[in-house]
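Below is one structure, written out as C-alpha coordinates, with a few remarks after it.
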Amino acid sequence: MIRTVCIVFALLASGTAAAQGRMSDYVRGIYEERCLKEDVSACRELLAEDFGVLAATRARALAVRGQAFMRHNAIADAAADFANALKIAETPQDPAMAKLDAARGVSSLTPEWRSMVQARLAEALLRRTDKANAGAAVEKAIKLDSRNGYAYSIRARLNGSDQQWPPALADFDRAIELGMADTAERALTLYRRGLVRGALKQPAEGQIDDFTAALAADPGLSAALEGRARVYQDLGRHEEALRDYDALTLREPKYAVGFNAGCWTRAAYLKREFDKAREQCDHALALAAEPNTYDSAGLVALQQQRWQDAWALYDKAVKGDAKMASALYGRGIAAKRLGRVAEAEADLAAAMRMEAQVAANYASYGQAP
(Lines give C-alpha, C1' and ligand atoms only; values in the text may rest on other atoms or scores of the structure.)
Protein backbone atom coordinates (compact mmCIF):
# COMPACT_ATOMS: atom_id res chain seq x y z
CA MET A 1 0.00 0.00 0.00
CA ILE A 2 2.79 2.42 0.91
CA ARG A 3 4.61 1.69 -2.34
CA THR A 4 1.49 2.35 -4.37
CA VAL A 5 0.91 5.64 -2.59
CA CYS A 6 4.49 6.69 -3.33
CA ILE A 7 4.06 5.93 -7.03
CA VAL A 8 0.82 7.92 -7.19
CA PHE A 9 2.44 10.82 -5.35
CA ALA A 10 5.37 10.81 -7.74
CA LEU A 11 3.07 10.87 -10.77
CA LEU A 12 0.99 13.69 -9.34
CA ALA A 13 4.02 15.72 -8.35
CA SER A 14 5.95 15.43 -11.60
CA GLY A 15 3.27 14.74 -14.19
CA THR A 16 5.38 11.87 -15.60
CA ALA A 17 7.37 9.03 -14.19
CA ALA A 18 10.22 9.88 -16.54
CA ALA A 19 10.55 13.30 -14.93
CA GLN A 20 11.60 11.57 -11.71
CA GLY A 21 14.56 9.89 -13.40
CA ARG A 22 14.97 6.30 -14.46
CA MET A 23 11.94 4.07 -13.87
CA SER A 24 12.14 1.30 -11.34
CA ASP A 25 11.52 -2.20 -12.67
CA TYR A 26 8.23 -2.21 -10.78
CA VAL A 27 6.97 1.02 -12.36
CA ARG A 28 8.23 -0.02 -15.77
CA GLY A 29 6.32 -3.27 -15.45
CA ILE A 30 3.11 -1.37 -14.75
CA TYR A 31 3.61 0.87 -17.78
CA GLU A 32 4.51 -2.09 -19.99
CA GLU A 33 1.33 -3.90 -19.01
CA ARG A 34 -0.76 -0.81 -19.72
CA CYS A 35 1.05 -0.07 -22.98
CA LEU A 36 0.45 -3.59 -24.26
CA LYS A 37 -3.26 -2.86 -23.73
CA GLU A 38 -2.78 0.18 -26.01
CA ASP A 39 -2.81 2.79 -23.24
CA VAL A 40 -1.26 5.73 -25.11
CA SER A 41 -0.05 7.61 -22.03
CA ALA A 42 1.74 4.51 -20.74
CA CYS A 43 3.40 3.96 -24.11
CA ARG A 44 4.60 7.56 -24.11
CA GLU A 45 6.17 7.06 -20.68
CA LEU A 46 8.02 3.98 -21.89
CA LEU A 47 9.29 5.76 -25.00
CA ALA A 48 10.68 8.53 -22.79
CA GLU A 49 12.90 5.92 -21.09
CA ASP A 50 16.38 5.39 -22.52
CA PHE A 51 17.13 2.21 -20.60
CA GLY A 52 15.41 -1.01 -19.69
CA VAL A 53 12.58 -1.06 -22.26
CA LEU A 54 12.85 -4.18 -24.38
CA ALA A 55 12.84 -3.92 -28.16
CA ALA A 56 9.49 -5.61 -28.74
CA THR A 57 7.82 -3.42 -26.14
CA ARG A 58 9.36 -0.28 -27.65
CA ALA A 59 8.13 -1.29 -31.11
CA ARG A 60 4.61 -1.83 -29.81
CA ALA A 61 4.71 1.46 -27.93
CA LEU A 62 5.76 3.28 -31.10
CA ALA A 63 2.88 1.70 -33.03
CA VAL A 64 0.36 2.71 -30.35
CA ARG A 65 1.69 6.26 -30.20
CA GLY A 66 1.63 6.41 -33.99
CA GLN A 67 -2.08 5.60 -33.96
CA ALA A 68 -2.65 8.38 -31.44
CA PHE A 69 -0.80 10.79 -33.73
CA MET A 70 -3.03 9.68 -36.63
CA ARG A 71 -6.17 10.41 -34.62
CA HIS A 72 -4.89 13.94 -34.01
CA ASN A 73 -3.82 14.44 -37.65
CA ALA A 74 -0.14 14.62 -36.71
CA ILE A 75 0.59 12.56 -39.80
CA ALA A 76 4.35 13.14 -40.10
CA ASP A 77 4.86 12.09 -36.47
CA ALA A 78 2.67 9.03 -37.01
CA ALA A 79 4.62 7.96 -40.09
CA ALA A 80 7.91 8.32 -38.19
CA ASP A 81 6.63 6.17 -35.31
CA PHE A 82 5.34 3.44 -37.61
CA ALA A 83 8.60 3.41 -39.57
CA ASN A 84 10.65 3.16 -36.37
CA ALA A 85 8.43 0.38 -35.03
CA LEU A 86 8.97 -1.58 -38.24
CA LYS A 87 12.72 -0.95 -38.13
CA ILE A 88 12.84 -2.57 -34.70
CA ALA A 89 10.55 -5.41 -35.79
CA GLU A 90 12.69 -6.20 -38.82
CA THR A 91 15.94 -6.32 -36.81
CA PRO A 92 16.77 -9.87 -35.67
CA GLN A 93 16.20 -10.08 -31.91
CA ASP A 94 18.73 -11.52 -29.51
CA PRO A 95 17.42 -14.94 -28.34
CA ALA A 96 17.97 -14.01 -24.70
CA MET A 97 15.94 -10.81 -25.14
CA ALA A 98 13.21 -12.77 -26.89
CA LYS A 99 13.01 -15.09 -23.87
CA LEU A 100 12.84 -12.10 -21.54
CA ASP A 101 10.04 -10.60 -23.64
CA ALA A 102 8.15 -13.87 -23.45
CA ALA A 103 8.64 -14.06 -19.69
CA ARG A 104 7.14 -10.57 -19.36
CA GLY A 105 4.16 -11.54 -21.49
CA VAL A 106 5.25 -9.55 -24.54
CA SER A 107 4.26 -11.50 -27.63
CA SER A 108 6.65 -11.63 -30.56
CA LEU A 109 6.29 -9.16 -33.41
CA THR A 110 4.45 -11.54 -35.70
CA PRO A 111 4.01 -11.12 -39.47
CA GLU A 112 0.37 -10.23 -38.79
CA TRP A 113 1.41 -7.44 -36.40
CA ARG A 114 4.01 -6.14 -38.83
CA SER A 115 1.43 -6.26 -41.63
CA MET A 116 -0.93 -4.05 -39.65
CA VAL A 117 1.81 -1.52 -38.88
CA GLN A 118 2.87 -1.51 -42.56
CA ALA A 119 -0.74 -0.80 -43.52
CA ARG A 120 -0.92 2.04 -41.01
CA LEU A 121 2.32 3.44 -42.38
CA ALA A 122 0.81 3.21 -45.87
CA GLU A 123 -2.23 5.20 -44.74
CA ALA A 124 -0.04 7.87 -43.15
CA LEU A 125 2.01 8.16 -46.33
CA LEU A 126 -1.15 8.29 -48.45
CA ARG A 127 -2.49 11.12 -46.32
CA ARG A 128 0.81 12.93 -46.95
CA THR A 129 0.23 12.29 -50.70
CA ASP A 130 3.41 10.19 -50.86
CA LYS A 131 1.74 7.63 -53.10
CA ALA A 132 4.88 5.81 -54.24
CA ASN A 133 6.02 4.94 -50.73
CA ALA A 134 2.44 4.31 -49.61
CA GLY A 135 2.09 1.77 -52.42
CA ALA A 136 5.32 0.03 -51.42
CA ALA A 137 4.23 -0.13 -47.78
CA VAL A 138 0.79 -1.54 -48.53
CA GLU A 139 2.23 -4.24 -50.81
CA LYS A 140 4.53 -5.28 -47.95
CA ALA A 141 1.51 -5.38 -45.65
CA ILE A 142 -0.39 -7.70 -47.97
CA LYS A 143 2.66 -9.90 -48.52
CA LEU A 144 3.10 -10.28 -44.75
CA ASP A 145 -0.57 -11.11 -44.20
CA SER A 146 -2.81 -11.72 -47.19
CA ARG A 147 -5.85 -11.69 -44.89
CA ASN A 148 -5.32 -8.14 -43.62
CA GLY A 149 -8.57 -6.48 -44.70
CA TYR A 150 -7.38 -3.04 -43.63
CA ALA A 151 -4.41 -3.29 -46.02
CA TYR A 152 -6.71 -4.02 -48.97
CA SER A 153 -8.82 -1.01 -48.00
CA ILE A 154 -5.73 1.23 -48.08
CA ARG A 155 -4.71 -0.15 -51.47
CA ALA A 156 -8.22 0.50 -52.74
CA ARG A 157 -7.90 4.13 -51.65
CA LEU A 158 -4.58 4.39 -53.46
CA ASN A 159 -6.16 3.06 -56.65
CA GLY A 160 -9.14 5.35 -56.21
CA SER A 161 -6.89 8.39 -55.79
CA ASP A 162 -5.69 7.68 -59.35
CA GLN A 163 -9.28 7.03 -60.53
CA GLN A 164 -8.49 3.37 -61.12
CA TRP A 165 -12.02 2.41 -60.17
CA PRO A 166 -12.23 -1.33 -61.08
CA PRO A 167 -9.15 -2.36 -59.02
CA ALA A 168 -10.30 -0.05 -56.24
CA LEU A 169 -13.68 -1.79 -56.15
CA ALA A 170 -12.05 -5.23 -56.17
CA ASP A 171 -9.87 -4.30 -53.19
CA PHE A 172 -12.78 -2.80 -51.26
CA ASP A 173 -14.73 -6.02 -51.91
CA ARG A 174 -11.80 -8.05 -50.57
CA ALA A 175 -11.39 -5.79 -47.54
CA ILE A 176 -15.06 -6.13 -46.60
CA GLU A 177 -15.00 -9.88 -47.18
CA LEU A 178 -11.99 -10.30 -44.87
CA GLY A 179 -13.32 -7.90 -42.27
CA MET A 180 -11.69 -5.39 -39.95
CA ALA A 181 -11.57 -5.30 -36.18
CA ASP A 182 -12.07 -1.53 -36.14
CA THR A 183 -15.79 -0.90 -36.77
CA ALA A 184 -15.15 2.75 -37.69
CA GLU A 185 -12.68 1.65 -40.36
CA ARG A 186 -15.16 -0.94 -41.65
CA ALA A 187 -17.83 1.76 -41.89
CA LEU A 188 -15.49 4.03 -43.86
CA THR A 189 -14.61 1.15 -46.18
CA LEU A 190 -18.29 0.49 -46.91
CA TYR A 191 -18.88 4.20 -47.49
CA ARG A 192 -15.91 4.46 -49.84
CA ARG A 193 -17.06 1.41 -51.79
CA GLY A 194 -20.39 3.16 -52.27
CA LEU A 195 -18.56 6.14 -53.75
CA VAL A 196 -16.62 3.89 -56.12
CA ARG A 197 -19.86 2.21 -57.24
CA GLY A 198 -21.12 5.68 -58.12
CA ALA A 199 -17.94 6.50 -60.05
CA LEU A 200 -18.43 3.27 -62.03
CA LYS A 201 -22.10 4.16 -62.73
CA GLN A 202 -23.23 0.95 -61.06
CA PRO A 203 -26.89 0.54 -60.03
CA ALA A 204 -27.86 3.06 -57.37
CA GLU A 205 -29.27 0.40 -55.05
CA GLY A 206 -25.74 -0.93 -54.51
CA GLN A 207 -24.63 2.52 -53.37
CA ILE A 208 -27.61 2.82 -51.04
CA ASP A 209 -26.86 -0.62 -49.58
CA ASP A 210 -23.24 0.34 -48.91
CA PHE A 211 -24.12 3.67 -47.31
CA THR A 212 -26.80 2.00 -45.19
CA ALA A 213 -24.38 -0.72 -44.06
CA ALA A 214 -21.81 1.97 -43.23
CA LEU A 215 -24.35 3.73 -41.03
CA ALA A 216 -25.22 0.46 -39.32
CA ALA A 217 -21.53 -0.04 -38.49
CA ASP A 218 -21.03 3.58 -37.42
CA PRO A 219 -24.23 5.60 -36.93
CA GLY A 220 -22.13 8.73 -36.51
CA LEU A 221 -20.67 8.60 -40.03
CA SER A 222 -22.31 11.72 -41.45
CA ALA A 223 -20.62 11.36 -44.83
CA ALA A 224 -22.56 8.13 -45.45
CA LEU A 225 -25.82 9.85 -44.53
CA GLU A 226 -25.10 12.65 -46.99
CA GLY A 227 -24.02 10.19 -49.68
CA ARG A 228 -27.24 8.20 -49.34
CA ALA A 229 -29.33 11.38 -49.45
CA ARG A 230 -27.69 12.42 -52.72
CA VAL A 231 -28.43 9.05 -54.30
CA TYR A 232 -32.06 9.24 -53.15
CA GLN A 233 -32.26 12.72 -54.65
CA ASP A 234 -30.86 11.52 -57.99
CA LEU A 235 -33.48 8.75 -58.01
CA GLY A 236 -36.29 11.22 -57.38
CA ARG A 237 -36.91 9.72 -53.94
CA HIS A 238 -37.11 13.14 -52.36
CA GLU A 239 -38.93 12.14 -49.16
CA GLU A 240 -36.12 9.75 -48.27
CA ALA A 241 -33.52 12.32 -49.27
CA LEU A 242 -35.14 14.91 -47.01
CA ARG A 243 -35.22 12.48 -44.10
CA ASP A 244 -31.47 11.98 -44.43
CA TYR A 245 -30.70 15.66 -44.93
CA ASP A 246 -32.71 16.60 -41.84
CA ALA A 247 -30.87 13.93 -39.85
CA LEU A 248 -27.60 15.33 -41.19
CA THR A 249 -28.43 18.82 -39.92
CA LEU A 250 -29.04 17.41 -36.44
CA ARG A 251 -25.70 15.60 -36.44
CA GLU A 252 -23.71 18.39 -38.08
CA PRO A 253 -25.21 21.70 -36.92
CA LYS A 254 -22.31 23.69 -38.38
CA TYR A 255 -22.38 22.05 -41.82
CA ALA A 256 -23.95 24.61 -44.15
CA VAL A 257 -24.29 22.18 -47.08
CA GLY A 258 -26.69 19.98 -45.11
CA PHE A 259 -29.01 22.88 -44.29
CA ASN A 260 -28.93 24.14 -47.87
CA ALA A 261 -29.79 20.66 -49.16
CA GLY A 262 -32.78 20.40 -46.82
CA CYS A 263 -33.94 23.88 -47.84
CA TRP A 264 -33.63 23.10 -51.55
CA THR A 265 -35.39 19.74 -51.29
CA ARG A 266 -38.40 21.35 -49.62
CA ALA A 267 -38.55 24.36 -51.92
CA ALA A 268 -37.73 22.80 -55.30
CA TYR A 269 -38.81 19.17 -55.20
CA LEU A 270 -41.45 18.74 -52.50
CA LYS A 271 -42.82 22.30 -52.79
CA ARG A 272 -43.98 22.44 -49.19
CA GLU A 273 -42.95 23.56 -45.71
CA PHE A 274 -41.58 26.83 -47.05
CA ASP A 275 -41.19 28.34 -43.58
CA LYS A 276 -38.96 25.42 -42.59
CA ALA A 277 -37.08 25.75 -45.88
CA ARG A 278 -36.52 29.44 -45.20
CA GLU A 279 -35.25 28.67 -41.70
CA GLN A 280 -32.79 26.12 -43.09
CA CYS A 281 -31.52 28.45 -45.82
CA ASP A 282 -31.11 31.29 -43.31
CA HIS A 283 -29.09 28.96 -41.09
CA ALA A 284 -26.94 27.85 -44.03
CA LEU A 285 -26.28 31.47 -45.02
CA ALA A 286 -25.29 32.34 -41.46
CA LEU A 287 -22.74 29.53 -41.59
CA ALA A 288 -21.47 30.17 -45.12
CA ALA A 289 -22.90 32.83 -47.39
CA GLU A 290 -22.26 31.42 -50.87
CA PRO A 291 -24.03 31.58 -54.26
CA ASN A 292 -25.72 28.15 -54.19
CA THR A 293 -27.42 28.92 -50.90
CA TYR A 294 -28.51 32.39 -52.03
CA ASP A 295 -30.02 30.64 -55.07
CA SER A 296 -31.92 28.22 -52.80
CA ALA A 297 -33.11 31.04 -50.55
CA GLY A 298 -34.23 32.95 -53.65
CA LEU A 299 -36.45 30.06 -54.71
CA VAL A 300 -37.99 29.88 -51.22
CA ALA A 301 -38.81 33.59 -51.49
CA LEU A 302 -40.43 33.03 -54.91
CA GLN A 303 -42.52 30.18 -53.49
CA GLN A 304 -43.65 32.50 -50.67
CA GLN A 305 -44.34 35.36 -53.13
CA ARG A 306 -41.78 37.59 -51.42
CA TRP A 307 -40.76 39.16 -54.73
CA GLN A 308 -38.36 41.84 -53.49
CA ASP A 309 -36.61 39.39 -51.15
CA ALA A 310 -36.36 36.90 -54.00
CA TRP A 311 -34.79 39.47 -56.31
CA ALA A 312 -32.26 40.55 -53.65
CA LEU A 313 -31.26 36.96 -52.84
CA TYR A 314 -30.87 35.98 -56.48
CA ASP A 315 -28.90 39.17 -57.08
CA LYS A 316 -26.42 38.13 -54.39
CA ALA A 317 -26.14 34.70 -56.02
CA VAL A 318 -25.43 36.27 -59.42
CA LYS A 319 -22.84 38.61 -57.94
CA GLY A 320 -21.15 35.59 -56.39
CA ASP A 321 -21.32 33.54 -59.60
CA ALA A 322 -22.19 35.42 -62.78
CA LYS A 323 -22.48 32.15 -64.73
CA MET A 324 -25.18 30.61 -62.51
CA ALA A 325 -28.09 30.25 -64.92
CA SER A 326 -30.50 29.24 -62.17
CA ALA A 327 -29.90 32.46 -60.23
CA LEU A 328 -30.21 34.63 -63.34
CA TYR A 329 -33.49 32.99 -64.30
CA GLY A 330 -34.85 33.30 -60.78
CA ARG A 331 -33.86 36.97 -60.66
CA GLY A 332 -35.65 37.43 -63.97
CA ILE A 333 -38.86 35.92 -62.60
CA ALA A 334 -38.64 38.10 -59.48
CA ALA A 335 -38.01 41.22 -61.58
CA LYS A 336 -41.05 40.44 -63.74
CA ARG A 337 -43.25 40.04 -60.64
CA LEU A 338 -42.00 43.47 -59.54
CA GLY A 339 -42.98 44.99 -62.90
CA ARG A 340 -39.41 45.54 -64.11
CA VAL A 341 -40.08 43.96 -67.48
CA ALA A 342 -37.01 44.98 -69.50
CA GLU A 343 -34.68 43.92 -66.71
CA ALA A 344 -36.57 40.63 -66.37
CA GLU A 345 -36.39 39.82 -70.07
CA ALA A 346 -32.64 40.48 -70.12
CA ASP A 347 -32.02 38.09 -67.22
CA LEU A 348 -34.29 35.38 -68.59
CA ALA A 349 -32.68 35.51 -72.03
CA ALA A 350 -29.16 35.43 -70.57
CA ALA A 351 -30.05 32.43 -68.42
CA MET A 352 -31.51 30.54 -71.39
CA ARG A 353 -28.35 31.17 -73.40
CA MET A 354 -26.31 29.65 -70.59
CA GLU A 355 -28.55 26.66 -69.93
CA ALA A 356 -31.44 25.69 -72.21
CA GLN A 357 -32.97 23.43 -69.54
CA VAL A 358 -33.35 26.19 -66.94
CA ALA A 359 -36.92 27.16 -67.90
CA ALA A 360 -38.10 23.56 -67.66
CA ASN A 361 -36.38 23.23 -64.30
CA TYR A 362 -38.22 26.25 -62.93
CA ALA A 363 -41.51 24.98 -64.34
CA SER A 364 -40.99 21.77 -62.36
CA TYR A 365 -40.55 23.91 -59.22
CA GLY A 366 -43.91 25.54 -59.98
CA GLN A 367 -42.43 28.83 -61.18
CA ALA A 368 -42.65 30.46 -64.60
CA PRO A 369 -42.13 34.07 -65.81
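By order of appearance in the C-alpha coordinates: chains A, B, ..., then residues from 1 within every chain, and ligands from 1 in the order shown.
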
Open item on the list: I need the alpha helix (DSSP H) residues of region 319-367 of chain A per DSSP on the backbone, written as a PyMOL selection string.
Closed with: chain A and resi 319-320+325-337+341-354+358-364

Mind writing the picked residues with N, CA and C atoms as an mmCIF file, in the first residue's frame?
data_model
loop_
_atom_site.group_PDB
_atom_site.id
_atom_site.type_symbol
_atom_site.label_atom_id
_atom_site.label_comp_id
_atom_site.auth_asym_id
_atom_site.auth_seq_id
_atom_site.Cartn_x
_atom_site.Cartn_y
_atom_site.Cartn_z
ATOM 1 N N LYS A 319 -24.082 37.882 -58.223
ATOM 2 C CA LYS A 319 -22.843 38.612 -57.944
ATOM 3 C C LYS A 319 -21.740 37.670 -57.469
ATOM 4 N N GLY A 320 -22.140 36.580 -56.829
ATOM 5 C CA GLY A 320 -21.150 35.592 -56.394
ATOM 6 C C GLY A 320 -20.719 34.665 -57.506
ATOM 7 N N ALA A 325 -26.866 30.045 -64.147
ATOM 8 C CA ALA A 325 -28.093 30.249 -64.922
ATOM 9 C C ALA A 325 -29.330 30.229 -64.036
ATOM 10 N N SER A 326 -29.346 29.350 -63.054
ATOM 11 C CA SER A 326 -30.503 29.243 -62.168
ATOM 12 C C SER A 326 -30.776 30.559 -61.453
ATOM 13 N N ALA A 327 -29.724 31.195 -60.953
ATOM 14 C CA ALA A 327 -29.898 32.456 -60.226
ATOM 15 C C ALA A 327 -30.351 33.574 -61.163
ATOM 16 N N LEU A 328 -29.793 33.612 -62.365
ATOM 17 C CA LEU A 328 -30.206 34.631 -63.336
ATOM 18 C C LEU A 328 -31.682 34.477 -63.696
ATOM 19 N N TYR A 329 -32.100 33.234 -63.909
ATOM 20 C CA TYR A 329 -33.489 32.992 -64.296
ATOM 21 C C TYR A 329 -34.423 33.358 -63.148
ATOM 22 N N GLY A 330 -34.032 32.957 -61.932
ATOM 23 C CA GLY A 330 -34.853 33.301 -60.776
ATOM 24 C C GLY A 330 -34.949 34.802 -60.573
ATOM 25 N N ARG A 331 -33.822 35.508 -60.778
ATOM 26 C CA ARG A 331 -33.855 36.968 -60.658
ATOM 27 C C ARG A 331 -34.769 37.568 -61.722
ATOM 28 N N GLY A 332 -34.764 36.956 -62.910
ATOM 29 C CA GLY A 332 -35.647 37.431 -63.972
ATOM 30 C C GLY A 332 -37.110 37.280 -63.605
ATOM 31 N N ILE A 333 -37.467 36.131 -63.019
ATOM 32 C CA ILE A 333 -38.859 35.923 -62.597
ATOM 33 C C ILE A 333 -39.244 36.952 -61.534
ATOM 34 N N ALA A 334 -38.353 37.144 -60.551
ATOM 35 C CA ALA A 334 -38.642 38.104 -59.480
ATOM 36 C C ALA A 334 -38.798 39.518 -60.040
ATOM 37 N N ALA A 335 -37.927 39.889 -60.981
ATOM 38 C CA ALA A 335 -38.015 41.224 -61.584
ATOM 39 C C ALA A 335 -39.340 41.402 -62.321
ATOM 40 N N LYS A 336 -39.779 40.352 -63.001
ATOM 41 C CA LYS A 336 -41.052 40.443 -63.738
ATOM 42 C C LYS A 336 -42.220 40.613 -62.777
ATOM 43 N N ARG A 337 -42.183 39.891 -61.640
ATOM 44 C CA ARG A 337 -43.248 40.036 -60.644
ATOM 45 C C ARG A 337 -43.268 41.463 -60.069
ATOM 46 N N VAL A 341 -39.991 44.888 -66.356
ATOM 47 C CA VAL A 341 -40.082 43.959 -67.484
ATOM 48 C C VAL A 341 -38.796 43.877 -68.294
ATOM 49 N N ALA A 342 -38.221 44.999 -68.660
ATOM 50 C CA ALA A 342 -37.010 44.982 -69.498
ATOM 51 C C ALA A 342 -35.865 44.263 -68.784
ATOM 52 N N GLU A 343 -35.722 44.567 -67.526
ATOM 53 C CA GLU A 343 -34.685 43.920 -66.706
ATOM 54 C C GLU A 343 -34.929 42.413 -66.627
ATOM 55 N N ALA A 344 -36.201 42.044 -66.460
ATOM 56 C CA ALA A 344 -36.568 40.633 -66.367
ATOM 57 C C ALA A 344 -36.235 39.896 -67.659
ATOM 58 N N GLU A 345 -36.628 40.481 -68.791
ATOM 59 C CA GLU A 345 -36.392 39.820 -70.073
ATOM 60 C C GLU A 345 -34.900 39.629 -70.334
ATOM 61 N N ALA A 346 -34.092 40.593 -69.932
ATOM 62 C CA ALA A 346 -32.638 40.479 -70.124
ATOM 63 C C ALA A 346 -32.075 39.314 -69.316
ATOM 64 N N ASP A 347 -32.504 39.191 -68.063
ATOM 65 C CA ASP A 347 -32.018 38.094 -67.216
ATOM 66 C C ASP A 347 -32.484 36.737 -67.737
ATOM 67 N N LEU A 348 -33.747 36.649 -68.110
ATOM 68 C CA LEU A 348 -34.292 35.378 -68.589
ATOM 69 C C LEU A 348 -33.583 34.927 -69.864
ATOM 70 N N ALA A 349 -33.354 35.851 -70.771
ATOM 71 C CA ALA A 349 -32.683 35.509 -72.028
ATOM 72 C C ALA A 349 -31.244 35.080 -71.777
ATOM 73 N N ALA A 350 -30.552 35.782 -70.888
ATOM 74 C CA ALA A 350 -29.159 35.429 -70.573
ATOM 75 C C ALA A 350 -29.083 34.044 -69.946
ATOM 76 N N ALA A 351 -30.035 33.743 -69.066
ATOM 77 C CA ALA A 351 -30.049 32.433 -68.419
ATOM 78 C C ALA A 351 -30.290 31.322 -69.431
ATOM 79 N N MET A 352 -31.207 31.544 -70.372
ATOM 80 C CA MET A 352 -31.508 30.537 -71.390
ATOM 81 C C MET A 352 -30.313 30.300 -72.313
ATOM 82 N N ARG A 353 -29.551 31.353 -72.578
ATOM 83 C CA ARG A 353 -28.350 31.166 -73.403
ATOM 84 C C ARG A 353 -27.322 30.303 -72.673
ATOM 85 N N MET A 354 -27.268 30.436 -71.381
ATOM 86 C CA MET A 354 -26.307 29.653 -70.590
ATOM 87 C C MET A 354 -26.743 28.197 -70.442
ATOM 88 N N VAL A 358 -33.015 25.463 -68.164
ATOM 89 C CA VAL A 358 -33.352 26.189 -66.939
ATOM 90 C C VAL A 358 -34.839 26.519 -66.841
ATOM 91 N N ALA A 359 -35.487 26.837 -67.946
ATOM 92 C CA ALA A 359 -36.922 27.162 -67.901
ATOM 93 C C ALA A 359 -37.736 25.948 -67.479
ATOM 94 N N ALA A 360 -37.396 24.788 -68.036
ATOM 95 C CA ALA A 360 -38.105 23.557 -67.662
ATOM 96 C C ALA A 360 -37.881 23.230 -66.191
ATOM 97 N N ASN A 361 -36.665 23.476 -65.715
ATOM 98 C CA ASN A 361 -36.385 23.226 -64.297
ATOM 99 C C ASN A 361 -37.297 24.082 -63.418
ATOM 100 N N TYR A 362 -37.385 25.362 -63.743
ATOM 101 C CA TYR A 362 -38.223 26.249 -62.926
ATOM 102 C C TYR A 362 -39.697 25.885 -63.034
ATOM 103 N N ALA A 363 -40.116 25.427 -64.200
ATOM 104 C CA ALA A 363 -41.509 24.985 -64.340
ATOM 105 C C ALA A 363 -41.787 23.812 -63.405
ATOM 106 N N SER A 364 -40.804 22.918 -63.258
ATOM 107 C CA SER A 364 -40.987 21.773 -62.357
ATOM 108 C C SER A 364 -41.052 22.218 -60.894
#
